[in-house]
$ cat entry_10.pdb   # PDB, C-alpha atoms, pLDDT in the B column
MODEL        1
ATOM      1  CA  MET L 920     -16.927  11.853  24.638  1.00 41.00           C
ATOM      2  CA  ASP L 921     -17.707  14.829  26.824  1.00 43.00           C
ATOM      3  CA  PHE L 922     -19.328  17.928  25.419  1.00 42.00           C
ATOM      4  CA  SER L 923     -19.977  21.233  27.053  1.00 42.00           C
ATOM      5  CA  PRO L 924     -23.226  23.068  26.287  1.00 38.00           C
ATOM      6  CA  GLU L 925     -21.423  25.749  24.255  1.00 45.00           C
ATOM      7  CA  ASP L 926     -20.125  22.993  21.925  1.00 45.00           C
ATOM      8  CA  LEU L 927     -23.628  21.812  21.096  1.00 41.00           C
ATOM      9  CA  PRO L 928     -25.456  23.193  18.060  1.00 42.00           C
ATOM     10  CA  ALA L 929     -28.488  25.188  19.103  1.00 39.00           C
ATOM     11  CA  GLU L 930     -30.364  25.131  15.791  1.00 41.00           C
ATOM     12  CA  GLN L 931     -30.784  22.884  12.812  1.00 41.00           C
ATOM     13  CA  THR L 932     -28.133  23.105  10.164  1.00 43.00           C
ATOM     14  CA  GLN L 933     -29.687  23.660   6.801  1.00 48.00           C
ATOM     15  CA  PRO L 934     -27.634  22.667   3.751  1.00 46.00           C
ATOM     16  CA  GLY L 935     -28.355  26.016   2.086  1.00 50.00           C
ATOM     17  CA  LYS L 936     -26.635  27.892   4.925  1.00 68.00           C
ATOM     18  CA  LEU L 937     -23.445  25.837   4.800  1.00 69.00           C
ATOM     19  CA  ALA L 938     -20.317  26.565   2.859  1.00 74.00           C
ATOM     20  CA  PRO L 939     -20.146  24.231  -0.142  1.00 85.00           C
ATOM     21  CA  PHE L 940     -18.431  20.867   0.171  1.00 88.00           C
ATOM     22  CA  PRO L 941     -15.324  20.274  -1.955  1.00 89.00           C
ATOM     23  CA  GLN L 942     -15.850  18.954  -5.474  1.00 92.00           C
ATOM     24  CA  LEU L 943     -14.303  15.492  -5.107  1.00 92.00           C
ATOM     25  CA  TRP L 944     -14.762  14.576  -8.747  1.00 94.00           C
ATOM     26  CA  VAL L 945     -11.894  16.979  -9.500  1.00 93.00           C
ATOM     27  CA  GLY L 946      -9.643  14.965  -7.191  1.00 92.00           C
ATOM     28  CA  TYR L 947     -10.633  11.669  -8.787  1.00 93.00           C
ATOM     29  CA  LEU L 948     -10.003  13.193 -12.209  1.00 95.00           C
ATOM     30  CA  LEU L 949      -6.535  14.319 -11.102  1.00 93.00           C
ATOM     31  CA  GLY L 950      -5.857  10.817  -9.743  1.00 92.00           C
ATOM     32  CA  PHE L 951      -6.801   9.207 -13.054  1.00 94.00           C
ATOM     33  CA  ALA L 952      -4.805  11.850 -14.947  1.00 93.00           C
ATOM     34  CA  THR L 953      -1.785  10.952 -12.803  1.00 89.00           C
ATOM     35  CA  ILE L 954      -2.184   7.275 -13.707  1.00 90.00           C
ATOM     36  CA  VAL L 955      -2.454   8.141 -17.410  1.00 91.00           C
ATOM     37  CA  ALA L 956       0.648  10.365 -17.129  1.00 87.00           C
ATOM     38  CA  GLU L 957       2.518   7.500 -15.431  1.00 83.00           C
ATOM     39  CA  PHE L 958       1.625   5.157 -18.287  1.00 84.00           C
ATOM     40  CA  ALA L 959       2.662   7.807 -20.814  1.00 83.00           C
ATOM     41  CA  ALA L 960       5.987   8.394 -19.047  1.00 75.00           C
ATOM     42  CA  ALA L 961       6.923   4.702 -18.755  1.00 68.00           C
ATOM     43  CA  PRO L 962       7.810   4.047 -22.436  1.00 69.00           C
ATOM     44  CA  LEU L 963       9.296   7.527 -22.905  1.00 68.00           C
ATOM     45  CA  ARG L 964      11.538   7.349 -19.837  1.00 66.00           C
ATOM     46  CA  PRO L 965      12.377   3.658 -19.166  1.00 64.00           C
ATOM     47  CA  GLU L 966      15.198   4.707 -16.806  1.00 64.00           C
ATOM     48  CA  MET L 967      12.513   5.804 -14.309  1.00 62.00           C
ATOM     49  CA  ALA L 968      11.764   2.144 -13.549  1.00 59.00           C
ATOM     50  CA  LYS L 969      15.436   1.449 -12.778  1.00 62.00           C
ATOM     51  CA  ASP L 970      16.224   4.504 -10.658  1.00 64.00           C
ATOM     52  CA  GLU L 971      15.662   4.376  -6.935  1.00 62.00           C
ATOM     53  CA  PHE L 972      14.569   8.031  -6.825  1.00 57.00           C
ATOM     54  CA  PRO L 973      13.508   8.875 -10.366  1.00 67.00           C
ATOM     55  CA  ILE L 974      12.865  12.435 -11.423  1.00 74.00           C
ATOM     56  CA  PRO L 975       9.484  12.431 -13.175  1.00 75.00           C
ATOM     57  CA  PRO L 976       8.892  14.338 -16.398  1.00 78.00           C
ATOM     58  CA  LEU L 977       7.348  17.771 -15.962  1.00 85.00           C
ATOM     59  CA  TYR L 978       3.814  16.766 -17.030  1.00 85.00           C
ATOM     60  CA  LEU L 979       3.775  13.909 -14.495  1.00 84.00           C
ATOM     61  CA  PHE L 980       5.199  16.107 -11.744  1.00 86.00           C
ATOM     62  CA  LEU L 981       2.630  18.847 -12.420  1.00 92.00           C
ATOM     63  CA  VAL L 982      -0.387  16.564 -12.277  1.00 90.00           C
ATOM     64  CA  MET L 983       0.958  14.917  -9.083  1.00 88.00           C
ATOM     65  CA  PHE L 984       1.601  18.338  -7.540  1.00 93.00           C
ATOM     66  CA  VAL L 985      -1.799  19.750  -8.487  1.00 94.00           C
ATOM     67  CA  GLY L 986      -3.470  16.610  -7.092  1.00 93.00           C
ATOM     68  CA  GLY L 987      -1.692  17.043  -3.760  1.00 91.00           C
ATOM     69  CA  VAL L 988      -2.586  20.722  -3.602  1.00 95.00           C
ATOM     70  CA  TYR L 989      -6.220  19.944  -4.389  1.00 96.00           C
ATOM     71  CA  TRP L 990      -6.275  17.405  -1.540  1.00 93.00           C
ATOM     72  CA  LEU L 991      -5.207  20.193   0.831  1.00 94.00           C
ATOM     73  CA  VAL L 992      -7.887  22.462  -0.663  1.00 95.00           C
ATOM     74  CA  CYS L 993     -10.464  19.777   0.190  1.00 94.00           C
ATOM     75  CA  VAL L 994      -9.193  19.516   3.782  1.00 94.00           C
ATOM     76  CA  TYR L 995      -9.464  23.300   4.004  1.00 95.00           C
ATOM     77  CA  ARG L 996     -13.037  23.263   2.624  1.00 94.00           C
ATOM     78  CA  TYR L 997     -14.184  20.649   5.166  1.00 93.00           C
ATOM     79  CA  HIS L 998     -12.984  22.842   7.989  1.00 93.00           C
ATOM     80  CA  VAL L 999     -14.624  25.907   6.437  1.00 93.00           C
ATOM     81  CA  VAL L1000     -17.895  23.947   6.451  1.00 91.00           C
ATOM     82  CA  MET L1001     -17.343  23.013  10.100  1.00 90.00           C
ATOM     83  CA  GLN L1002     -16.553  26.633  11.037  1.00 90.00           C
ATOM     84  CA  HIS L1003     -19.923  27.735   9.610  1.00 86.00           C
ATOM     85  CA  VAL L1004     -22.132  25.250  11.447  1.00 84.00           C
ATOM     86  CA  PRO L1005     -24.449  27.486  13.491  1.00 79.00           C
ATOM     87  CA  GLY L1006     -23.866  27.108  17.212  1.00 75.00           C
ATOM     88  CA  TRP L1007     -20.984  24.641  16.837  1.00 79.00           C
ATOM     89  CA  LYS L1008     -17.490  25.700  17.882  1.00 86.00           C
ATOM     90  CA  HIS L1009     -15.106  23.670  15.749  1.00 87.00           C
ATOM     91  CA  PRO L1010     -11.666  23.505  17.431  1.00 91.00           C
ATOM     92  CA  ILE L1011      -9.598  23.443  14.211  1.00 92.00           C
ATOM     93  CA  SER L1012      -9.319  26.435  11.909  1.00 93.00           C
ATOM     94  CA  PRO L1013      -9.098  25.748   8.159  1.00 93.00           C
ATOM     95  CA  ALA L1014      -5.551  27.164   7.947  1.00 95.00           C
ATOM     96  CA  ARG L1015      -4.389  25.023  10.858  1.00 94.00           C
ATOM     97  CA  ALA L1016      -6.001  21.936   9.308  1.00 93.00           C
ATOM     98  CA  VAL L1017      -3.852  22.390   6.193  1.00 94.00           C
ATOM     99  CA  GLY L1018      -0.716  23.791   7.821  1.00 94.00           C
ATOM    100  CA  PHE L1019      -0.170  20.899  10.198  1.00 93.00           C
ATOM    101  CA  HIS L1020       0.159  18.545   7.205  1.00 91.00           C
ATOM    102  CA  PHE L1021       3.558  20.156   6.561  1.00 93.00           C
ATOM    103  CA  ILE L1022       5.122  19.508   9.982  1.00 92.00           C
ATOM    104  CA  PRO L1023       7.410  16.458   9.748  1.00 91.00           C
ATOM    105  CA  ILE L1024       6.565  13.576  12.100  1.00 91.00           C
ATOM    106  CA  TYR L1025       3.591  15.495  13.554  1.00 92.00           C
ATOM    107  CA  ASN L1026       1.772  15.090  10.244  1.00 88.00           C
ATOM    108  CA  PHE L1027       1.470  11.351  10.947  1.00 88.00           C
ATOM    109  CA  TYR L1028      -0.563  12.195  14.051  1.00 92.00           C
ATOM    110  CA  TRP L1029      -2.433  14.994  12.297  1.00 92.00           C
ATOM    111  CA  VAL L1030      -4.040  12.756   9.649  1.00 88.00           C
ATOM    112  CA  PHE L1031      -5.774  11.005  12.552  1.00 90.00           C
ATOM    113  CA  LYS L1032      -6.549  14.135  14.610  1.00 91.00           C
ATOM    114  CA  TRP L1033      -8.512  16.316  12.184  1.00 92.00           C
ATOM    115  CA  PRO L1034     -10.938  13.523  11.153  1.00 91.00           C
ATOM    116  CA  GLN L1035     -11.472  12.805  14.848  1.00 91.00           C
ATOM    117  CA  GLU L1036     -12.716  16.354  15.402  1.00 91.00           C
ATOM    118  CA  ILE L1037     -15.103  16.133  12.445  1.00 92.00           C
ATOM    119  CA  ALA L1038     -16.296  12.727  13.697  1.00 91.00           C
ATOM    120  CA  ARG L1039     -16.962  14.257  17.104  1.00 90.00           C
ATOM    121  CA  PHE L1040     -19.565  16.537  15.521  1.00 89.00           C
ATOM    122  CA  VAL L1041     -21.004  13.860  13.196  1.00 90.00           C
ATOM    123  CA  ASN L1042     -21.360  11.284  15.981  1.00 89.00           C
ATOM    124  CA  TRP L1043     -22.922  13.762  18.377  1.00 84.00           C
ATOM    125  CA  ARG L1044     -25.347  14.980  15.748  1.00 86.00           C
ATOM    126  CA  SER L1045     -26.379  11.462  14.765  1.00 84.00           C
ATOM    127  CA  GLY L1046     -26.511  10.188  18.350  1.00 83.00           C
ATOM    128  CA  GLN L1047     -24.541   7.100  17.334  1.00 84.00           C
ATOM    129  CA  PRO L1048     -21.020   6.330  16.108  1.00 85.00           C
ATOM    130  CA  LEU L1049     -21.782   7.055  12.453  1.00 86.00           C
ATOM    131  CA  MET L1050     -18.274   8.217  11.500  1.00 88.00           C
ATOM    132  CA  LYS L1051     -15.203   6.238  12.455  1.00 87.00           C
ATOM    133  CA  PRO L1052     -12.251   8.660  12.447  1.00 82.00           C
ATOM    134  CA  LYS L1053      -9.630   5.903  12.600  1.00 86.00           C
ATOM    135  CA  ILE L1054     -10.823   4.628   9.224  1.00 86.00           C
ATOM    136  CA  VAL L1055     -10.229   8.054   7.663  1.00 85.00           C
ATOM    137  CA  GLY L1056      -6.833   8.384   9.341  1.00 86.00           C
ATOM    138  CA  LEU L1057      -5.739   4.922   8.203  1.00 89.00           C
ATOM    139  CA  MET L1058      -6.939   5.578   4.654  1.00 89.00           C
ATOM    140  CA  VAL L1059      -5.075   8.894   4.493  1.00 87.00           C
ATOM    141  CA  PHE L1060      -1.938   7.385   6.018  1.00 88.00           C
ATOM    142  CA  ALA L1061      -2.054   4.419   3.614  1.00 90.00           C
ATOM    143  CA  ALA L1062      -2.669   6.793   0.704  1.00 89.00           C
ATOM    144  CA  PHE L1063       0.403   8.862   1.593  1.00 87.00           C
ATOM    145  CA  ILE L1064       2.540   5.710   1.824  1.00 90.00           C
ATOM    146  CA  LEU L1065       1.145   4.440  -1.486  1.00 88.00           C
ATOM    147  CA  ARG L1066       1.538   7.847  -3.115  1.00 83.00           C
ATOM    148  CA  PHE L1067       5.139   8.489  -2.102  1.00 83.00           C
ATOM    149  CA  LEU L1068       6.581   4.971  -2.208  1.00 84.00           C
ATOM    150  CA  PHE L1069       4.676   3.065  -4.874  1.00 84.00           C
ATOM    151  CA  ASP L1070       2.129   4.754  -7.144  1.00 84.00           C
ATOM    152  CA  PRO L1071       1.202   8.454  -6.966  1.00 85.00           C
ATOM    153  CA  GLY L1072      -2.013   8.046  -8.973  1.00 89.00           C
ATOM    154  CA  LEU L1073      -3.481   5.253  -6.861  1.00 92.00           C
ATOM    155  CA  GLY L1074      -2.427   7.073  -3.702  1.00 91.00           C
ATOM    156  CA  LEU L1075      -4.256  10.179  -4.859  1.00 92.00           C
ATOM    157  CA  ILE L1076      -7.408   8.186  -5.613  1.00 93.00           C
ATOM    158  CA  LEU L1077      -7.257   6.628  -2.133  1.00 92.00           C
ATOM    159  CA  LEU L1078      -6.961  10.123  -0.617  1.00 92.00           C
ATOM    160  CA  PHE L1079     -10.157  11.163  -2.348  1.00 94.00           C
ATOM    161  CA  LEU L1080     -11.899   7.943  -1.292  1.00 93.00           C
ATOM    162  CA  SER L1081     -11.257   8.976   2.304  1.00 91.00           C
ATOM    163  CA  ALA L1082     -12.603  12.437   1.483  1.00 92.00           C
ATOM    164  CA  SER L1083     -15.739  10.810   0.038  1.00 93.00           C
ATOM    165  CA  TYR L1084     -16.246   9.008   3.342  1.00 93.00           C
ATOM    166  CA  VAL L1085     -15.946  12.308   5.254  1.00 92.00           C
ATOM    167  CA  SER L1086     -18.386  14.026   2.859  1.00 93.00           C
ATOM    168  CA  GLY L1087     -20.904  11.201   3.139  1.00 93.00           C
ATOM    169  CA  CYS L1088     -20.823  11.231   6.931  1.00 91.00           C
ATOM    170  CA  LEU L1089     -21.173  15.019   7.078  1.00 91.00           C
ATOM    171  CA  ARG L1090     -24.072  15.003   4.610  1.00 92.00           C
ATOM    172  CA  ARG L1091     -25.904  12.346   6.652  1.00 91.00           C
ATOM    173  CA  ALA L1092     -25.328  14.306   9.859  1.00 87.00           C
ATOM    174  CA  PHE L1093     -26.611  17.552   8.328  1.00 87.00           C
ATOM    175  CA  ALA L1094     -29.692  15.764   6.958  1.00 87.00           C
ATOM    176  CA  LEU L1095     -30.795  14.674  10.455  1.00 81.00           C
ATOM    177  CA  PRO L1096     -33.297  16.692  12.468  1.00 75.00           C
ATOM    178  CA  PRO L1097     -31.712  18.993  15.044  1.00 66.00           C
ATOM    179  CA  MET L1098     -30.791  17.721  18.459  1.00 60.00           C
ATOM    180  CA  PRO L1099     -32.754  19.290  21.332  1.00 54.00           C
ATOM    181  CA  THR L1100     -30.991  22.135  23.028  1.00 50.00           C
ATOM    182  CA  VAL L1101     -29.369  21.384  26.336  1.00 46.00           C
ATOM    183  CA  SER L1102     -30.629  23.283  29.320  1.00 43.00           C
ATOM    184  CA  ALA L1103     -29.593  23.065  32.929  1.00 39.00           C
ATOM    185  CA  PRO L1104     -31.874  20.965  35.165  1.00 42.00           C
ATOM    186  CA  PRO L1105     -34.030  22.930  37.633  1.00 48.00           C
ATOM    187  CA  GLY L1106     -32.018  24.107  40.637  1.00 46.00           C
ATOM    188  CA  ALA L1107     -28.624  23.362  39.054  1.00 44.00           C
ATOM    189  CA  GLU L1108     -27.535  26.998  38.805  1.00 46.00           C
TER     190      GLU L1108
ENDMDL
END
$ encode --input "entry_10.pdb" --output "structure tokens"
Amino acid sequence: MDFSPEDLPAEQTQPGKLAPFPQLWVGYLLGFATIVAEFAAAPLRPEMAKDEFPIPPLYLFLVMFVGGVYWLVCVYRYHVVMQHVPGWKHPISPARAVGFHFIPIYNFYWVFKWPQEIARFVNWRSGQPLMKPKIVGLMVFAAFILRFLFDPGLGLILLFLSASYVSGCLRRAFALPPMPTVSAPPGAE
């Protein structure tokens, strides 16, 4: 990876100065609530198991919808955190990070792209490949497949597992001492 000097953080990032990370326990709670709602809907609406495209009851739809919206809120929050890292120019705005999830076909690429940009910062800051963006992309992609084709609750939990990985990597990167500032070698002006 190539970095220009203006991409490099010039000072240590202190956790108190950062925007807060998303509260992932809310996402896990919504995932478990979706599973409970699925179990509650099964005996009340047995035709759902037979239909190819069943229409879920309102309570199940609402908890699935709120879980999906909260996932996008978490993606937004990660990019807000990255926008507020002193001296670091993050290439993805929070609105763009969320908005590109809604573009058909492109969204398959996007779930790999935005973690790659966060990993770029984490891996530079740690000086080693601490975060593997392909793992996050594969987890998110698998979660979407699981969520839309098989089980919405388990898919939602897998989405928040990938978010936990991103949070853990960012927290470790922010806990490290600052990297030395880059200056031009003598006579290289």
$ atom_distance --input "entry_10.pdb" --atom1 "atom CA of Leu1068 of chain L" --atom2 "atom CA of Val945 of chain L"
23.2 Å
$ atom_distance --input "entry_10.pdb" --atom1 "atom CA of Leu1089 of chain L" --atom2 "atom CA of Val1041 of chain L"
6.2 Å
$ atom_distance --input "entry_10.pdb" --atom1 "atom CA of Asp1070 of chain L" --atom2 "atom CA of Tyr1025 of chain L"
23.4 Å
$ closest_residue --input "entry_10.pdb" --among "L:Ala959, L:Leu977, L:Ala1062, L:Ala1014" --to "Val1030 of chain L" --atoms "only C-alpha atoms"
L:Ala1062
$ residues_around --input "entry_10.pdb" --residues "Tyr995 of chain L" --least-positions-apart "2" --cutoff "7 Å" --atoms "only C-alpha atoms" --output "PyMOL selection string"
chain L and resi 991-993+997-999+1013-1014+1016-1017
$ write_last_selection --input "entry_10.pdb" --atoms "C-alpha atoms" --output "PDB file, keeping the file's coordinate frame"
ATOM      1  CA  LEU L 991      -5.207  20.193   0.831  1.00 94.00           C
ATOM      2  CA  VAL L 992      -7.887  22.462  -0.663  1.00 95.00           C
ATOM      3  CA  CYS L 993     -10.464  19.777   0.190  1.00 94.00           C
ATOM      4  CA  TYR L 997     -14.184  20.649   5.166  1.00 93.00           C
ATOM      5  CA  HIS L 998     -12.984  22.842   7.989  1.00 93.00           C
ATOM      6  CA  VAL L 999     -14.624  25.907   6.437  1.00 93.00           C
ATOM      7  CA  PRO L1013      -9.098  25.748   8.159  1.00 93.00           C
ATOM      8  CA  ALA L1014      -5.551  27.164   7.947  1.00 95.00           C
ATOM      9  CA  ALA L1016      -6.001  21.936   9.308  1.00 93.00           C
ATOM     10  CA  VAL L1017      -3.852  22.390   6.193  1.00 94.00           C
TER      11      VAL L1017
END
$ closest_residue --input "entry_10.pdb" --among "L:Leu1065, L:Met1001, L:Val982, L:Cys1088" --to "Asn1042 of chain L" --atoms "all atoms listed in the file"
L:Cys1088
$ axis_aligned_box --input "entry_10.pdb" --around "segment 985-992 of chain L" --padding-each-side "5 Å" --output "AutoDock Vina command-line options"
--center_x -4.8 --center_y 19.5 --center_z -3.8 --size_x 16.2 --size_y 15.9 --size_z 19.3
$ resolve_selection --input "entry_10.pdb" --expression "the PyMOL selection byres ((chain L and resi 1043-1045) around 8)" --output "VMD selection string"
chain L and resid 1039 to 1042 1046 to 1049 1092 to 1093 1095 1097 to 1098
$ resolve_selection --input "entry_10.pdb" --expression "the PyMOL selection byres ((chain L and resi 949) around 12)" --output "PyMOL selection string"
chain L and resi 942-948+950-956+979-990+1071-1079
$ closest_residue --input "entry_10.pdb" --among "L:Ile1022, L:Val1004, L:Val1055, L:Ile1011" --to "Ser1086 of chain L" --atoms "all atoms listed in the file"
L:Val1055
$ closest_residue --input "entry_10.pdb" --among "L:Gly1087, L:Met1050, L:Ala938, L:Ser1081" --to "Pro1005 of chain L" --atoms "only C-alpha atoms"
L:Ala938
$ closest_residue --input "entry_10.pdb" --among "L:Trp1033, L:His1020, L:Phe940, L:Glu957" --to "Pro975 of chain L" --atoms "all atoms listed in the file"
L:Glu957
$ closest_residue --input "entry_10.pdb" --among "L:Gln1035, L:Val1000, L:Pro1010, L:Phe1027" --to "Arg1090 of chain L" --atoms "all atoms listed in the file"
L:Val1000
$ decode --input "entry_10.pdb" --residues "segment 1062-1076 of chain L" --atoms "N, CA, C and O atoms" --output "PDB file, in the first residue's frame"
ATOM      1  N   ALA L1062     -23.590 -12.705   5.434  1.00  0.00           N
ATOM      2  CA  ALA L1062     -24.713 -12.306   6.292  1.00  0.00           C
ATOM      3  C   ALA L1062     -25.899 -11.841   5.457  1.00  0.00           C
ATOM      4  O   ALA L1062     -27.047 -12.166   5.767  1.00  0.00           O
ATOM      5  N   PHE L1063     -25.635 -11.085   4.395  1.00  0.00           N
ATOM      6  CA  PHE L1063     -26.734 -10.643   3.525  1.00  0.00           C
ATOM      7  C   PHE L1063     -27.398 -11.839   2.846  1.00  0.00           C
ATOM      8  O   PHE L1063     -28.623 -11.898   2.761  1.00  0.00           O
ATOM      9  N   ILE L1064     -26.610 -12.782   2.370  1.00  0.00           N
ATOM     10  CA  ILE L1064     -27.175 -13.990   1.746  1.00  0.00           C
ATOM     11  C   ILE L1064     -28.012 -14.747   2.774  1.00  0.00           C
ATOM     12  O   ILE L1064     -29.153 -15.139   2.497  1.00  0.00           O
ATOM     13  N   LEU L1065     -27.449 -14.967   3.952  1.00  0.00           N
ATOM     14  CA  LEU L1065     -28.163 -15.674   5.016  1.00  0.00           C
ATOM     15  C   LEU L1065     -29.435 -14.927   5.403  1.00  0.00           C
ATOM     16  O   LEU L1065     -30.503 -15.526   5.559  1.00  0.00           O
ATOM     17  N   ARG L1066     -29.330 -13.623   5.511  1.00  0.00           N
ATOM     18  CA  ARG L1066     -30.461 -12.802   5.960  1.00  0.00           C
ATOM     19  C   ARG L1066     -31.609 -12.799   4.967  1.00  0.00           C
ATOM     20  O   ARG L1066     -32.768 -12.884   5.345  1.00  0.00           O
ATOM     21  N   PHE L1067     -31.307 -12.704   3.683  1.00  0.00           N
ATOM     22  CA  PHE L1067     -32.372 -12.576   2.688  1.00  0.00           C
ATOM     23  C   PHE L1067     -32.866 -13.913   2.140  1.00  0.00           C
ATOM     24  O   PHE L1067     -33.997 -13.985   1.672  1.00  0.00           O
ATOM     25  N   LEU L1068     -32.046 -14.954   2.208  1.00  0.00           N
ATOM     26  CA  LEU L1068     -32.476 -16.228   1.632  1.00  0.00           C
ATOM     27  C   LEU L1068     -32.845 -17.291   2.662  1.00  0.00           C
ATOM     28  O   LEU L1068     -33.621 -18.196   2.343  1.00  0.00           O
ATOM     29  N   PHE L1069     -32.296 -17.214   3.862  1.00  0.00           N
ATOM     30  CA  PHE L1069     -32.508 -18.305   4.804  1.00  0.00           C
ATOM     31  C   PHE L1069     -33.100 -17.862   6.139  1.00  0.00           C
ATOM     32  O   PHE L1069     -34.209 -18.233   6.479  1.00  0.00           O
ATOM     33  N   ASP L1070     -32.344 -17.091   6.916  1.00  0.00           N
ATOM     34  CA  ASP L1070     -32.797 -16.729   8.257  1.00  0.00           C
ATOM     35  C   ASP L1070     -32.399 -15.293   8.579  1.00  0.00           C
ATOM     36  O   ASP L1070     -31.212 -15.003   8.784  1.00  0.00           O
ATOM     37  N   PRO L1071     -33.362 -14.381   8.634  1.00  0.00           N
ATOM     38  CA  PRO L1071     -33.040 -12.971   8.898  1.00  0.00           C
ATOM     39  C   PRO L1071     -32.352 -12.727  10.239  1.00  0.00           C
ATOM     40  O   PRO L1071     -31.464 -11.885  10.339  1.00  0.00           O
ATOM     41  N   GLY L1072     -32.728 -13.459  11.269  1.00  0.00           N
ATOM     42  CA  GLY L1072     -32.135 -13.246  12.590  1.00  0.00           C
ATOM     43  C   GLY L1072     -30.670 -13.640  12.641  1.00  0.00           C
ATOM     44  O   GLY L1072     -29.827 -12.884  13.136  1.00  0.00           O
ATOM     45  N   LEU L1073     -30.352 -14.814  12.112  1.00  0.00           N
ATOM     46  CA  LEU L1073     -28.944 -15.245  12.098  1.00  0.00           C
ATOM     47  C   LEU L1073     -28.107 -14.361  11.189  1.00  0.00           C
ATOM     48  O   LEU L1073     -26.944 -14.072  11.494  1.00  0.00           O
ATOM     49  N   GLY L1074     -28.697 -13.921  10.077  1.00  0.00           N
ATOM     50  CA  GLY L1074     -27.976 -13.005   9.193  1.00  0.00           C
ATOM     51  C   GLY L1074     -27.652 -11.696   9.878  1.00  0.00           C
ATOM     52  O   GLY L1074     -26.559 -11.151   9.725  1.00  0.00           O
ATOM     53  N   LEU L1075     -28.590 -11.201  10.665  1.00  0.00           N
ATOM     54  CA  LEU L1075     -28.366  -9.950  11.393  1.00  0.00           C
ATOM     55  C   LEU L1075     -27.271 -10.119  12.451  1.00  0.00           C
ATOM     56  O   LEU L1075     -26.410  -9.244  12.611  1.00  0.00           O
ATOM     57  N   ILE L1076     -27.270 -11.241  13.129  1.00  0.00           N
ATOM     58  CA  ILE L1076     -26.220 -11.498  14.127  1.00  0.00           C
ATOM     59  C   ILE L1076     -24.851 -11.582  13.451  1.00  0.00           C
ATOM     60  O   ILE L1076     -23.860 -11.041  13.962  1.00  0.00           O
TER      61      ILE L1076
END
